[in-house]
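Below: one structure, written as structure tokens.
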Amino acid sequence: MRTVYRGELTVAHGRFHVDSRREPRGPIPSEACAGQTNGLCGAAVPGCLFLCTGLSRGRVALTVEVHGAAPPLEDRWEDVVEASFRPLTASTAVLPCDHGALCELALPPAHHRVRYCGRGMDGGAEAASATAPGAAPVGQYLLQFWPAPPSADRVVRQTSRSAARRHDYARALEPPLSGRRTERELAEIRSWGGRLPSRRVREVGADARGLVPLDRDLLDAVDAACPATQRGLARWAARRAFTAAGLDGVDWIASALTALDRGEPLPAPFDDPRRTWDRFFTDDRTALTAPDPPGGDQGAPLCRALALPALRAAADPDPLRAALGALFAAAVAHGTAYPALFAEARRCFPDLGADSSPGGVREGG
């Protein structure tokens with residue numbers, strides 16, 4: 001057995017990766033975990049591994065080992081998965097998100113088995129001070145490699161809620177493309193920007209498709225986020241839509257936004273779509289003929305109308321549908337300023353990853 005690294009790892013967006021391709025930002029979750037049963041160690045992209053931690057941002061403890069044969073599994077590890085990995089070159093590195101190599105593995109370009117173990121993964125949700133100077137590592141992780149013929153990935157042990165959520169996400173993804181596809185299947189793939197999202201995203205429909213040409217990576221990031229993040233994003237996007245439209249101060253809209261923040265049912269007239277639009281078109285403050293508020297184009301008539309669907313979308317009982325629907329409505333309400341909205345969303349919700357809009361950093365590192 002050879003210990004390649006034992007120390008701390010700085011994570012961002014709850015992930016790091018192993019790569020023999022020297023791609024510093026790594027694959028995105030929907031590519032790395034496609035067709036797998038586990039969502040902690042994505043091995044679907046040749047030559048690299050996508051690894052998830054319970055901590056979104058901060059430092060974790062990591063040990064990396066290379067073995068000549070399968071090592072025994074210690075009882076202390078709470079979450080354990082295995083997958084197959086074949087380096088593409090003789091140089092393989094462990095890479096933190098958007099940073100240089102943490103360590104070099106020097107694995108031969110042959111088939112290996114990788115075991116990824118975690119302990120204390122759920123502790124990351126409560127680690128609000130994990131990024132503070134001098135903060136202790138949150139969670140322990142072990143990465144082991146040994147020569148072995150290729151075989152399917154598997155969940156060896158599952159304990160934490162964080163791991164369970166990641167596994168559910170992976171199992172909902174479309175298997176990786178292989179063989180010949182019909183023209184209809186190819187058209188479906190093209191309509192989603194060249195890769196199919198999870199089945200749940202496809203079931204959302206028009207709002208999810210609307211985000212594809214705007215920011216395809218953000219669509220995957222919202223899908224991979226936990227339900228609490230999705231729900232928070234939905235409420236945030238709804239409020240941003242009405243702020244952009246200059247309507248967040250209108251009393252009957254403000255009361256609905258407050259109810260949304262509290263997790264309460266939307267008050268009248270938002271309990272009935274027809275009554276909502278009737279109120280919108282008859283209120284002198286919201287009607288299309290209402291004067292624009294000071295400050296430029298934010299209160300333009302079309303913007304005011306396009307903000308309205310964000311509230312009902314954000315109140316959807318399904319957190320993913322709520323997040324995607326409200327985010328798309330907010331993007332439409334922002335018009336050509338939508339990249340700034342998406343960049344702000346990533347700052348407010350770090351789990352969504354770095355900015356992947358044109359000129360930004362591609363999500364998924």
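Here, A, B, ... name the chains of the structure tokens in the order displayed, residue numbers run from 1 inside each chain, and ligands are numbered from 1 in the same displayed order.
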Give me the residues within 8 Å of Arg113 of chain A as an mmCIF file with all heavy atoms, in the first residue's frame, counting only C-alpha atoms and dropping any in the same chain fewer than 4 places off.
```cif
data_model
loop_
_atom_site.group_PDB
_atom_site.id
_atom_site.type_symbol
_atom_site.label_atom_id
_atom_site.label_comp_id
_atom_site.auth_asym_id
_atom_site.auth_seq_id
_atom_site.Cartn_x
_atom_site.Cartn_y
_atom_site.Cartn_z
ATOM 1 N N GLU A 82 -18.031 2.380 -4.913
ATOM 2 C CA GLU A 82 -16.941 1.916 -5.762
ATOM 3 C C GLU A 82 -17.310 2.112 -7.223
ATOM 4 O O GLU A 82 -18.490 2.097 -7.587
ATOM 5 C CB GLU A 82 -16.634 0.436 -5.505
ATOM 6 C CG GLU A 82 -16.012 0.152 -4.161
ATOM 7 C CD GLU A 82 -15.658 -1.317 -3.986
ATOM 8 O OE1 GLU A 82 -15.902 -2.103 -4.938
ATOM 9 O OE2 GLU A 82 -15.143 -1.684 -2.917
ATOM 10 N N ALA A 83 -16.281 2.287 -8.068
ATOM 11 C CA ALA A 83 -16.477 2.441 -9.510
ATOM 12 C C ALA A 83 -15.195 2.013 -10.212
ATOM 13 O O ALA A 83 -14.145 1.834 -9.571
ATOM 14 C CB ALA A 83 -16.826 3.883 -9.868
ATOM 15 N N SER A 84 -15.275 1.860 -11.521
ATOM 16 C CA SER A 84 -14.099 1.521 -12.321
ATOM 17 C C SER A 84 -13.489 2.784 -12.902
ATOM 18 O O SER A 84 -14.192 3.752 -13.206
ATOM 19 C CB SER A 84 -14.479 0.554 -13.444
ATOM 20 O OG SER A 84 -14.798 -0.714 -12.922
ATOM 21 N N PHE A 85 -12.165 2.754 -13.054
ATOM 22 C CA PHE A 85 -11.448 3.932 -13.553
ATOM 23 C C PHE A 85 -10.236 3.469 -14.352
ATOM 24 O O PHE A 85 -9.466 2.607 -13.900
ATOM 25 C CB PHE A 85 -10.995 4.801 -12.376
ATOM 26 C CG PHE A 85 -10.097 5.941 -12.750
ATOM 27 C CD1 PHE A 85 -10.552 6.979 -13.541
ATOM 28 C CD2 PHE A 85 -8.769 5.973 -12.305
ATOM 29 C CE1 PHE A 85 -9.720 8.038 -13.889
ATOM 30 C CE2 PHE A 85 -7.935 7.024 -12.641
ATOM 31 C CZ PHE A 85 -8.415 8.055 -13.439
ATOM 32 N N PHE A 145 -7.242 3.239 -4.712
ATOM 33 C CA PHE A 145 -7.149 2.688 -6.062
ATOM 34 C C PHE A 145 -6.411 1.354 -6.022
ATOM 35 O O PHE A 145 -5.449 1.200 -5.258
ATOM 36 C CB PHE A 145 -6.388 3.648 -6.993
ATOM 37 C CG PHE A 145 -7.034 4.980 -7.191
ATOM 38 C CD1 PHE A 145 -6.858 5.998 -6.261
ATOM 39 C CD2 PHE A 145 -7.813 5.235 -8.316
ATOM 40 C CE1 PHE A 145 -7.453 7.242 -6.450
ATOM 41 C CE2 PHE A 145 -8.408 6.471 -8.506
ATOM 42 C CZ PHE A 145 -8.227 7.467 -7.567
ATOM 43 N N TRP A 146 -6.837 0.407 -6.849
ATOM 44 C CA TRP A 146 -6.111 -0.846 -7.015
ATOM 45 C C TRP A 146 -6.435 -1.453 -8.379
ATOM 46 O O TRP A 146 -7.508 -1.175 -8.940
ATOM 47 C CB TRP A 146 -6.434 -1.834 -5.887
ATOM 48 C CG TRP A 146 -7.852 -2.330 -5.865
ATOM 49 C CD1 TRP A 146 -8.361 -3.442 -6.481
ATOM 50 C CD2 TRP A 146 -8.951 -1.730 -5.156
ATOM 51 N NE1 TRP A 146 -9.700 -3.578 -6.212
ATOM 52 C CE2 TRP A 146 -10.087 -2.538 -5.399
ATOM 53 C CE3 TRP A 146 -9.103 -0.595 -4.347
ATOM 54 C CZ2 TRP A 146 -11.337 -2.253 -4.870
ATOM 55 C CZ3 TRP A 146 -10.352 -0.308 -3.822
ATOM 56 C CH2 TRP A 146 -11.446 -1.127 -4.084
ATOM 57 N N PRO A 147 -5.531 -2.244 -8.965
ATOM 58 C CA PRO A 147 -5.806 -2.836 -10.278
ATOM 59 C C PRO A 147 -6.978 -3.820 -10.192
ATOM 60 O O PRO A 147 -7.068 -4.636 -9.274
ATOM 61 C CB PRO A 147 -4.506 -3.590 -10.598
ATOM 62 C CG PRO A 147 -3.475 -2.972 -9.712
ATOM 63 C CD PRO A 147 -4.192 -2.570 -8.458
ATOM 64 N N ALA A 148 -7.889 -3.730 -11.164
ATOM 65 C CA ALA A 148 -9.055 -4.622 -11.192
ATOM 66 C C ALA A 148 -9.728 -4.496 -12.548
ATOM 67 O O ALA A 148 -9.719 -3.419 -13.160
ATOM 68 C CB ALA A 148 -10.030 -4.265 -10.078
ATOM 69 N N PRO A 149 -10.345 -5.575 -13.039
ATOM 70 C CA PRO A 149 -11.080 -5.492 -14.307
ATOM 71 C C PRO A 149 -12.289 -4.583 -14.158
ATOM 72 O O PRO A 149 -12.805 -4.401 -13.049
ATOM 73 C CB PRO A 149 -11.485 -6.942 -14.579
ATOM 74 C CG PRO A 149 -11.472 -7.597 -13.243
ATOM 75 C CD PRO A 149 -10.387 -6.933 -12.475
ATOM 76 N N PRO A 150 -12.751 -4.002 -15.259
ATOM 77 C CA PRO A 150 -13.902 -3.089 -15.171
ATOM 78 C C PRO A 150 -15.174 -3.807 -14.739
ATOM 79 O O PRO A 150 -15.415 -4.954 -15.114
ATOM 80 C CB PRO A 150 -14.014 -2.534 -16.593
ATOM 81 C CG PRO A 150 -13.345 -3.531 -17.460
ATOM 82 C CD PRO A 150 -12.251 -4.128 -16.638
#
```
Requested in this report: Considering only C-alpha atoms, return as a list in words whatever protein or nucleic-acid residues lie within 8 Å of Leu247 of chain A, sequence-local ones (same chain, fewer than 4 positions apart) excluded.
Outcome: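 Within the cut-off, the hits are Phe242, Thr243, Ile253, Thr286, Gly299 and Arg304 of chain A.
Between Val66 of chain A and the candidates A:Gly139, A:Gly54, A:Pro213, A:Pro108, the tightest atom-to-atom separation, counting only C-alpha atoms, involves A:Pro108.
Using only C-alpha atoms, the residues found no farther than 6 Å from segment 37-53 of chain A, other than those of its own chain fewer than 6 positions away, are Gly14, Arg15, Phe16, His17, Val18, Asp19, Ser20, Arg86, Pro87, Leu88, Val155, Arg166, His167, Ala170 and Arg171 of chain A.
The gap separating atom CA of Ser91 of chain A from atom CA of Ala221 of chain A is 29.2 Å, in Å to one decimal.
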Residue neighbourhood Met1 of chain A, 10 Å, only C-alpha atoms, exclusion window fewer than 3 positions, as a PyMOL selection string: chain A and resi 4+65-69+71+144-146
*In Å, with one decimal, what is the gap from atom CA of Arg321 of chain A to atom CA of Ile28 of chain A?*
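Computing the Euclidean distance for atom CA of Arg321 of chain A and atom CA of Ile28 of chain A yields 20.8 Å.
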